[in-house]
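With compact mmCIF, N, CA and C atoms inside, this is upload39.txt:
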```txt
# COMPACT_ATOMS: atom_id res chain seq x y z
N MET A 1 81.83 -7.49 20.47
CA MET A 1 80.67 -8.16 19.88
C MET A 1 80.20 -7.34 18.67
N LEU A 2 79.98 -8.00 17.57
CA LEU A 2 79.49 -7.33 16.37
C LEU A 2 78.05 -6.90 16.56
N ALA A 3 77.62 -5.92 15.79
CA ALA A 3 76.26 -5.40 15.90
C ALA A 3 75.22 -6.51 15.69
N ALA A 4 75.45 -7.38 14.71
CA ALA A 4 74.50 -8.47 14.44
C ALA A 4 74.42 -9.42 15.63
N GLU A 5 75.57 -9.72 16.26
CA GLU A 5 75.58 -10.60 17.43
C GLU A 5 74.83 -9.96 18.59
N ARG A 6 75.01 -8.64 18.75
CA ARG A 6 74.34 -7.92 19.83
C ARG A 6 72.82 -7.96 19.65
N VAL A 7 72.36 -7.79 18.40
CA VAL A 7 70.92 -7.85 18.11
C VAL A 7 70.39 -9.24 18.41
N GLN A 8 71.13 -10.29 18.03
CA GLN A 8 70.70 -11.66 18.32
C GLN A 8 70.65 -11.90 19.82
N ALA A 9 71.62 -11.41 20.58
CA ALA A 9 71.64 -11.59 22.03
C ALA A 9 70.46 -10.87 22.66
N GLN A 10 70.15 -9.66 22.19
CA GLN A 10 69.02 -8.91 22.74
C GLN A 10 67.71 -9.63 22.42
N ALA A 11 67.60 -10.18 21.23
CA ALA A 11 66.39 -10.93 20.85
C ALA A 11 66.23 -12.15 21.73
N ALA A 12 67.32 -12.84 22.02
CA ALA A 12 67.25 -14.01 22.89
C ALA A 12 66.84 -13.60 24.29
N ASP A 13 67.37 -12.50 24.79
CA ASP A 13 66.98 -12.02 26.13
C ASP A 13 65.51 -11.67 26.17
N THR A 14 65.00 -11.04 25.12
CA THR A 14 63.58 -10.68 25.07
C THR A 14 62.72 -11.92 25.04
N ALA A 15 63.12 -12.94 24.30
CA ALA A 15 62.36 -14.19 24.21
C ALA A 15 62.29 -14.87 25.57
N ARG A 16 63.35 -14.76 26.37
CA ARG A 16 63.37 -15.39 27.69
C ARG A 16 62.52 -14.62 28.69
N GLY A 17 62.18 -13.38 28.36
CA GLY A 17 61.41 -12.55 29.26
C GLY A 17 62.33 -11.73 30.14
N PRO A 18 61.77 -10.69 30.71
CA PRO A 18 62.61 -9.81 31.52
C PRO A 18 63.06 -10.49 32.81
N ALA A 19 64.25 -10.15 33.21
CA ALA A 19 64.77 -10.63 34.49
C ALA A 19 64.09 -9.84 35.60
N PRO A 20 64.05 -10.38 36.78
CA PRO A 20 63.48 -9.62 37.89
C PRO A 20 64.36 -8.41 38.21
N ASP A 21 63.80 -7.45 38.87
CA ASP A 21 64.58 -6.31 39.35
C ASP A 21 65.76 -6.85 40.14
N SER A 22 66.91 -6.22 40.02
CA SER A 22 68.12 -6.74 40.67
C SER A 22 67.96 -6.85 42.18
N SER A 23 67.11 -6.04 42.79
CA SER A 23 66.90 -6.16 44.24
C SER A 23 66.25 -7.48 44.61
N MET A 24 65.54 -8.09 43.66
CA MET A 24 64.90 -9.39 43.90
C MET A 24 65.92 -10.52 43.88
N LEU A 25 67.14 -10.21 43.45
CA LEU A 25 68.18 -11.23 43.38
C LEU A 25 69.31 -10.94 44.36
N SER A 26 69.03 -10.11 45.35
CA SER A 26 70.06 -9.81 46.35
C SER A 26 70.38 -11.09 47.12
N PRO A 27 71.56 -11.19 47.68
CA PRO A 27 71.92 -12.39 48.45
C PRO A 27 70.91 -12.69 49.58
N ALA A 28 70.40 -11.67 50.23
CA ALA A 28 69.44 -11.89 51.32
C ALA A 28 68.13 -12.48 50.82
N ILE A 29 67.64 -11.97 49.69
CA ILE A 29 66.39 -12.48 49.10
C ILE A 29 66.58 -13.91 48.64
N VAL A 30 67.66 -14.16 47.91
CA VAL A 30 67.93 -15.50 47.40
C VAL A 30 68.09 -16.49 48.54
N ASP A 31 68.79 -16.09 49.59
CA ASP A 31 68.99 -16.99 50.74
C ASP A 31 67.66 -17.28 51.45
N ALA A 32 66.81 -16.27 51.58
CA ALA A 32 65.49 -16.49 52.20
C ALA A 32 64.66 -17.45 51.35
N GLY A 33 64.73 -17.31 50.02
CA GLY A 33 64.04 -18.22 49.13
C GLY A 33 64.60 -19.63 49.21
N ARG A 34 65.92 -19.74 49.34
CA ARG A 34 66.59 -21.05 49.48
C ARG A 34 66.05 -21.77 50.72
N LYS A 35 65.95 -21.04 51.82
CA LYS A 35 65.46 -21.64 53.07
C LYS A 35 64.02 -22.13 52.93
N LEU A 36 63.21 -21.38 52.23
CA LEU A 36 61.82 -21.80 52.01
C LEU A 36 61.76 -23.00 51.06
N PHE A 37 62.52 -22.96 49.97
CA PHE A 37 62.52 -24.04 48.99
C PHE A 37 62.91 -25.36 49.63
N HIS A 38 63.93 -25.32 50.48
CA HIS A 38 64.43 -26.54 51.11
C HIS A 38 63.78 -26.83 52.46
N GLY A 39 62.93 -25.92 52.91
CA GLY A 39 62.28 -26.07 54.21
C GLY A 39 60.76 -26.10 54.08
N LYS A 40 60.13 -25.08 54.63
CA LYS A 40 58.67 -25.01 54.70
C LYS A 40 57.97 -25.24 53.36
N GLY A 41 58.54 -24.73 52.28
CA GLY A 41 57.90 -24.87 50.97
C GLY A 41 57.89 -26.29 50.43
N THR A 42 58.72 -27.13 50.98
CA THR A 42 58.84 -28.55 50.61
C THR A 42 59.15 -28.78 49.13
N CYS A 43 59.62 -27.77 48.44
CA CYS A 43 59.88 -27.85 47.01
C CYS A 43 60.96 -28.88 46.68
N SER A 44 62.00 -28.93 47.51
CA SER A 44 63.11 -29.84 47.22
C SER A 44 62.69 -31.31 47.32
N GLY A 45 61.60 -31.58 48.00
CA GLY A 45 61.11 -32.96 48.09
C GLY A 45 60.75 -33.53 46.74
N CYS A 46 60.31 -32.69 45.83
CA CYS A 46 59.95 -33.13 44.48
C CYS A 46 60.99 -32.73 43.44
N HIS A 47 61.53 -31.52 43.56
CA HIS A 47 62.45 -31.01 42.55
C HIS A 47 63.91 -31.30 42.86
N GLY A 48 64.19 -31.85 44.03
CA GLY A 48 65.55 -32.23 44.40
C GLY A 48 66.33 -31.10 45.04
N ASP A 49 67.34 -31.49 45.80
CA ASP A 49 68.17 -30.52 46.51
C ASP A 49 68.94 -29.60 45.58
N LYS A 50 69.24 -30.07 44.39
CA LYS A 50 70.01 -29.28 43.43
C LYS A 50 69.14 -28.79 42.27
N LEU A 51 67.80 -28.90 42.43
CA LEU A 51 66.81 -28.49 41.44
C LEU A 51 66.92 -29.29 40.14
N LYS A 52 67.45 -30.50 40.22
CA LYS A 52 67.66 -31.36 39.05
C LYS A 52 66.44 -32.21 38.72
N GLY A 53 65.37 -32.09 39.51
CA GLY A 53 64.17 -32.86 39.27
C GLY A 53 64.19 -34.20 39.98
N GLY A 54 63.11 -34.91 39.84
CA GLY A 54 62.98 -36.21 40.46
C GLY A 54 61.90 -37.01 39.78
N PRO A 55 61.46 -38.11 40.39
CA PRO A 55 60.46 -38.97 39.76
C PRO A 55 59.11 -38.29 39.53
N VAL A 56 58.79 -37.28 40.32
CA VAL A 56 57.46 -36.67 40.19
C VAL A 56 57.49 -35.21 39.76
N ALA A 57 58.67 -34.63 39.58
CA ALA A 57 58.74 -33.22 39.21
C ALA A 57 59.93 -32.97 38.29
N PRO A 58 59.78 -32.00 37.39
CA PRO A 58 60.85 -31.72 36.43
C PRO A 58 62.00 -30.93 37.06
N PRO A 59 63.13 -30.92 36.38
CA PRO A 59 64.23 -30.07 36.83
C PRO A 59 63.85 -28.60 36.66
N LEU A 60 64.42 -27.77 37.49
CA LEU A 60 64.15 -26.33 37.42
C LEU A 60 65.41 -25.61 36.97
N THR A 61 65.95 -26.07 35.87
CA THR A 61 67.17 -25.50 35.33
C THR A 61 66.98 -25.25 33.84
N GLY A 62 67.79 -24.39 33.28
CA GLY A 62 67.72 -24.11 31.86
C GLY A 62 66.67 -23.08 31.52
N GLU A 63 66.56 -22.80 30.25
CA GLU A 63 65.66 -21.74 29.79
C GLU A 63 64.23 -22.21 29.58
N SER A 64 64.01 -23.49 29.39
CA SER A 64 62.67 -24.00 29.13
C SER A 64 62.46 -25.25 29.96
N TRP A 65 61.31 -25.32 30.60
CA TRP A 65 61.01 -26.44 31.48
C TRP A 65 59.85 -27.25 30.90
N ARG A 66 59.43 -28.26 31.64
CA ARG A 66 58.40 -29.17 31.12
C ARG A 66 57.11 -28.43 30.74
N HIS A 67 56.62 -27.57 31.63
CA HIS A 67 55.32 -26.92 31.39
C HIS A 67 55.41 -25.42 31.22
N ILE A 68 56.55 -24.81 31.50
CA ILE A 68 56.68 -23.35 31.41
C ILE A 68 58.08 -22.97 30.94
N SER A 69 58.22 -21.70 30.61
CA SER A 69 59.56 -21.17 30.33
C SER A 69 60.22 -20.90 31.68
N GLY A 70 61.48 -20.62 31.67
CA GLY A 70 62.19 -20.34 32.90
C GLY A 70 62.24 -18.86 33.24
N THR A 71 61.30 -18.08 32.71
CA THR A 71 61.29 -16.65 33.02
C THR A 71 60.85 -16.43 34.46
N TYR A 72 61.25 -15.28 34.99
CA TYR A 72 60.87 -14.95 36.37
C TYR A 72 59.35 -14.89 36.51
N ALA A 73 58.68 -14.27 35.53
CA ALA A 73 57.22 -14.15 35.59
C ALA A 73 56.55 -15.53 35.60
N ALA A 74 57.05 -16.45 34.79
CA ALA A 74 56.47 -17.79 34.73
C ALA A 74 56.71 -18.55 36.04
N ILE A 75 57.91 -18.41 36.60
CA ILE A 75 58.22 -19.08 37.87
C ILE A 75 57.34 -18.53 38.98
N LEU A 76 57.23 -17.23 39.04
CA LEU A 76 56.41 -16.57 40.05
C LEU A 76 54.96 -17.05 39.94
N ASP A 77 54.44 -17.09 38.73
CA ASP A 77 53.06 -17.55 38.51
C ASP A 77 52.88 -19.00 38.95
N ARG A 78 53.85 -19.86 38.65
CA ARG A 78 53.70 -21.28 38.99
C ARG A 78 53.72 -21.49 40.50
N VAL A 79 54.61 -20.79 41.20
CA VAL A 79 54.67 -20.92 42.66
C VAL A 79 53.38 -20.37 43.28
N ASP A 80 52.86 -19.31 42.69
CA ASP A 80 51.65 -18.67 43.21
C ASP A 80 50.39 -19.46 42.90
N ASN A 81 50.32 -20.03 41.70
CA ASN A 81 49.08 -20.66 41.24
C ASN A 81 49.13 -22.18 41.07
N GLY A 82 50.30 -22.77 41.14
CA GLY A 82 50.40 -24.22 40.96
C GLY A 82 50.09 -24.62 39.53
N LEU A 83 49.86 -25.91 39.33
CA LEU A 83 49.48 -26.45 38.02
C LEU A 83 48.46 -27.55 38.24
N ALA A 84 47.24 -27.28 37.83
CA ALA A 84 46.15 -28.24 38.01
C ALA A 84 46.51 -29.59 37.39
N GLY A 85 46.14 -30.65 38.05
CA GLY A 85 46.38 -31.99 37.54
C GLY A 85 47.77 -32.53 37.85
N THR A 86 48.57 -31.76 38.60
CA THR A 86 49.91 -32.21 38.98
C THR A 86 50.05 -32.06 40.50
N LEU A 87 51.20 -32.48 41.00
CA LEU A 87 51.48 -32.31 42.42
C LEU A 87 51.89 -30.88 42.76
N MET A 88 52.08 -30.04 41.74
CA MET A 88 52.47 -28.64 41.98
C MET A 88 51.24 -27.85 42.40
N VAL A 89 51.19 -27.56 43.69
CA VAL A 89 50.05 -26.83 44.26
C VAL A 89 50.40 -25.36 44.44
N PRO A 90 49.40 -24.50 44.50
CA PRO A 90 49.67 -23.10 44.82
C PRO A 90 50.26 -22.98 46.22
N HIS A 91 51.21 -22.11 46.39
CA HIS A 91 51.81 -21.86 47.70
C HIS A 91 52.25 -23.16 48.37
N PRO A 92 53.18 -23.88 47.72
CA PRO A 92 53.60 -25.19 48.24
C PRO A 92 54.04 -25.11 49.71
N GLY A 93 53.66 -26.13 50.45
CA GLY A 93 54.02 -26.19 51.86
C GLY A 93 53.29 -25.17 52.71
N GLY A 94 52.33 -24.48 52.10
CA GLY A 94 51.58 -23.47 52.85
C GLY A 94 52.33 -22.15 52.99
N ILE A 95 53.29 -21.89 52.09
CA ILE A 95 53.99 -20.61 52.19
C ILE A 95 52.99 -19.47 52.00
N GLN A 96 53.29 -18.36 52.60
CA GLN A 96 52.42 -17.19 52.53
C GLN A 96 52.57 -16.48 51.19
N GLU A 97 51.58 -15.68 50.84
CA GLU A 97 51.63 -14.89 49.62
C GLU A 97 52.91 -14.05 49.57
N SER A 98 53.29 -13.51 50.70
CA SER A 98 54.49 -12.66 50.75
C SER A 98 55.79 -13.46 50.58
N GLN A 99 55.71 -14.78 50.64
CA GLN A 99 56.91 -15.61 50.49
C GLN A 99 57.06 -16.18 49.08
N VAL A 100 56.03 -16.06 48.27
CA VAL A 100 56.06 -16.60 46.91
C VAL A 100 57.22 -15.99 46.12
N PHE A 101 57.40 -14.67 46.22
CA PHE A 101 58.46 -14.03 45.45
C PHE A 101 59.84 -14.47 45.91
N LEU A 102 59.99 -14.84 47.18
CA LEU A 102 61.28 -15.31 47.67
C LEU A 102 61.66 -16.62 47.00
N VAL A 103 60.71 -17.56 46.95
CA VAL A 103 60.97 -18.85 46.31
C VAL A 103 61.23 -18.65 44.82
N ALA A 104 60.44 -17.81 44.17
CA ALA A 104 60.62 -17.56 42.74
C ALA A 104 61.99 -16.93 42.47
N SER A 105 62.42 -16.03 43.32
CA SER A 105 63.72 -15.39 43.15
C SER A 105 64.85 -16.40 43.29
N TYR A 106 64.74 -17.28 44.27
CA TYR A 106 65.75 -18.33 44.46
C TYR A 106 65.81 -19.25 43.25
N VAL A 107 64.67 -19.74 42.81
CA VAL A 107 64.65 -20.67 41.67
C VAL A 107 65.20 -19.99 40.42
N TYR A 108 64.79 -18.75 40.20
CA TYR A 108 65.30 -18.02 39.03
C TYR A 108 66.83 -17.88 39.13
N ALA A 109 67.32 -17.47 40.28
CA ALA A 109 68.76 -17.26 40.46
C ALA A 109 69.54 -18.54 40.21
N VAL A 110 69.08 -19.65 40.76
CA VAL A 110 69.79 -20.91 40.58
C VAL A 110 69.69 -21.37 39.12
N SER A 111 68.51 -21.31 38.55
CA SER A 111 68.32 -21.81 37.19
C SER A 111 69.06 -20.98 36.15
N HIS A 112 69.39 -19.75 36.47
CA HIS A 112 70.11 -18.89 35.54
C HIS A 112 71.59 -18.73 35.92
N GLY A 113 72.07 -19.61 36.82
CA GLY A 113 73.48 -19.61 37.16
C GLY A 113 73.93 -18.44 38.00
N LEU A 114 73.01 -17.78 38.68
CA LEU A 114 73.35 -16.61 39.50
C LEU A 114 73.55 -16.96 40.96
N ALA A 115 73.18 -18.18 41.33
CA ALA A 115 73.35 -18.65 42.72
C ALA A 115 73.48 -20.16 42.70
N LYS A 116 74.01 -20.69 43.75
CA LYS A 116 74.14 -22.13 43.90
C LYS A 116 72.92 -22.65 44.67
N PRO A 117 72.53 -23.89 44.42
CA PRO A 117 71.36 -24.44 45.14
C PRO A 117 71.60 -24.53 46.64
```
Give the structure from the file, written as structure tokens.
Amino acid sequence: MLAAERVQAQAADTARGPAPDSSMLSPAIVDAGRKLFHGKGTCSGCHGDKLKGGPVAPPLTGESWRHISGTYAAILDRVDNGLAGTLMVPHPGGIQESQVFLVASYVYAVSHGLAKP
């Protein structure tokens, strides 16, 4: 990779925001988040089994979404705080505060091609 290409790639990474610590993307964490997303969190009911979206919720894939960027910080904030005026509530399905990061880690991993839905 040429120096100019490397600078452009680093700038793009910075614009997307920092990735979560690699421990947040361990197979065990991602799997626990998957179980919550498709289970108690009821997220898949709106966002779909493959995170492709549905009639009432946007897809959770790619770098930019309907109301937020696809950064880990933005995903974490949305799961924790919801979005007023939409069906996205804080702590969907009544997940605990300690489970928010699990769901965010799963969504981040899938949306960035690091895990399968």
What does the distance from atom N of Arg78 in chain A to atom C of Ser111 in chain A come to in Å, to one decimal?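 These two atoms are separated by 15.5 Å.
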Separation of CA of Glu63 in chain A from atom N of Gln96 in chain A in Å: 26.2 Å
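Note that the spacing between atom C of Leu36 in chain A and atom N of Val103 in chain A amounts to 6.9 Å.
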Determine, counting only C-alpha atoms, which protein, DNA and RNA residues have an atom within 10 Å of an atom of His112 in chain A; residues of the same chain fewer than 4 positions away are not included. Present the result as a list in words.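 What passes the distance filter is Ala19, Leu60, Thr61, Gly62, Glu63, Gly70, Thr71, Tyr106, Val107, Tyr108 and Lys116 of chain A.
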Need the axis-aligned box for range 17-35 of chain A with 4 Å each side, so what are the centre and edges in Å to one decimal, as JSON?
```
{"center_x": 66.7, "center_y": -14.1, "center_z": 40.7, "size_x": 18.5, "size_y": 24.1, "size_z": 32.7}
```
Have a look at A:Ala28, A:Ala57, A:Ala104, A:Val110 and name the one nearest to Leu83 in chain A; count only C-alpha atoms.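 The closest residue to Leu83 in chain A is A:Ala57.
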Among range 6-65 of chain A, which residues does DSSP mark as alpha helix (DSSP H) when it is run on the backbone? Keep the chain and numbering as in the structure and answer as a list in words. Arg6, Val7, Gln8, Ala9, Gln10, Ala11, Ala12, Asp13, Thr14, Ala15, Arg16, Pro27, Ala28, Ile29, Val30, Asp31, Ala32, Gly33, Arg34, Lys35, Leu36, Phe37, His38, Ser44, Gly45, Cys46 and His47 of chain A
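For Val100 in chain A, the residues within 9 Å (counting only C-alpha atoms, excluding itself and residues fewer than 5 positions away along the chain) are Gly33, Leu76, Asp77, Val79, Asp80, His91, Ile95 and Ser105 of chain A.
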Using only N, CA and C atoms, pick whichever of A:Val56, A:Tyr72, A:Ala32, A:Lys50 has the shortest atom-to-atom distance to Leu87 in chain A.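 Counting only N, CA and C atoms, the residue closest to Leu87 in chain A is A:Val56.
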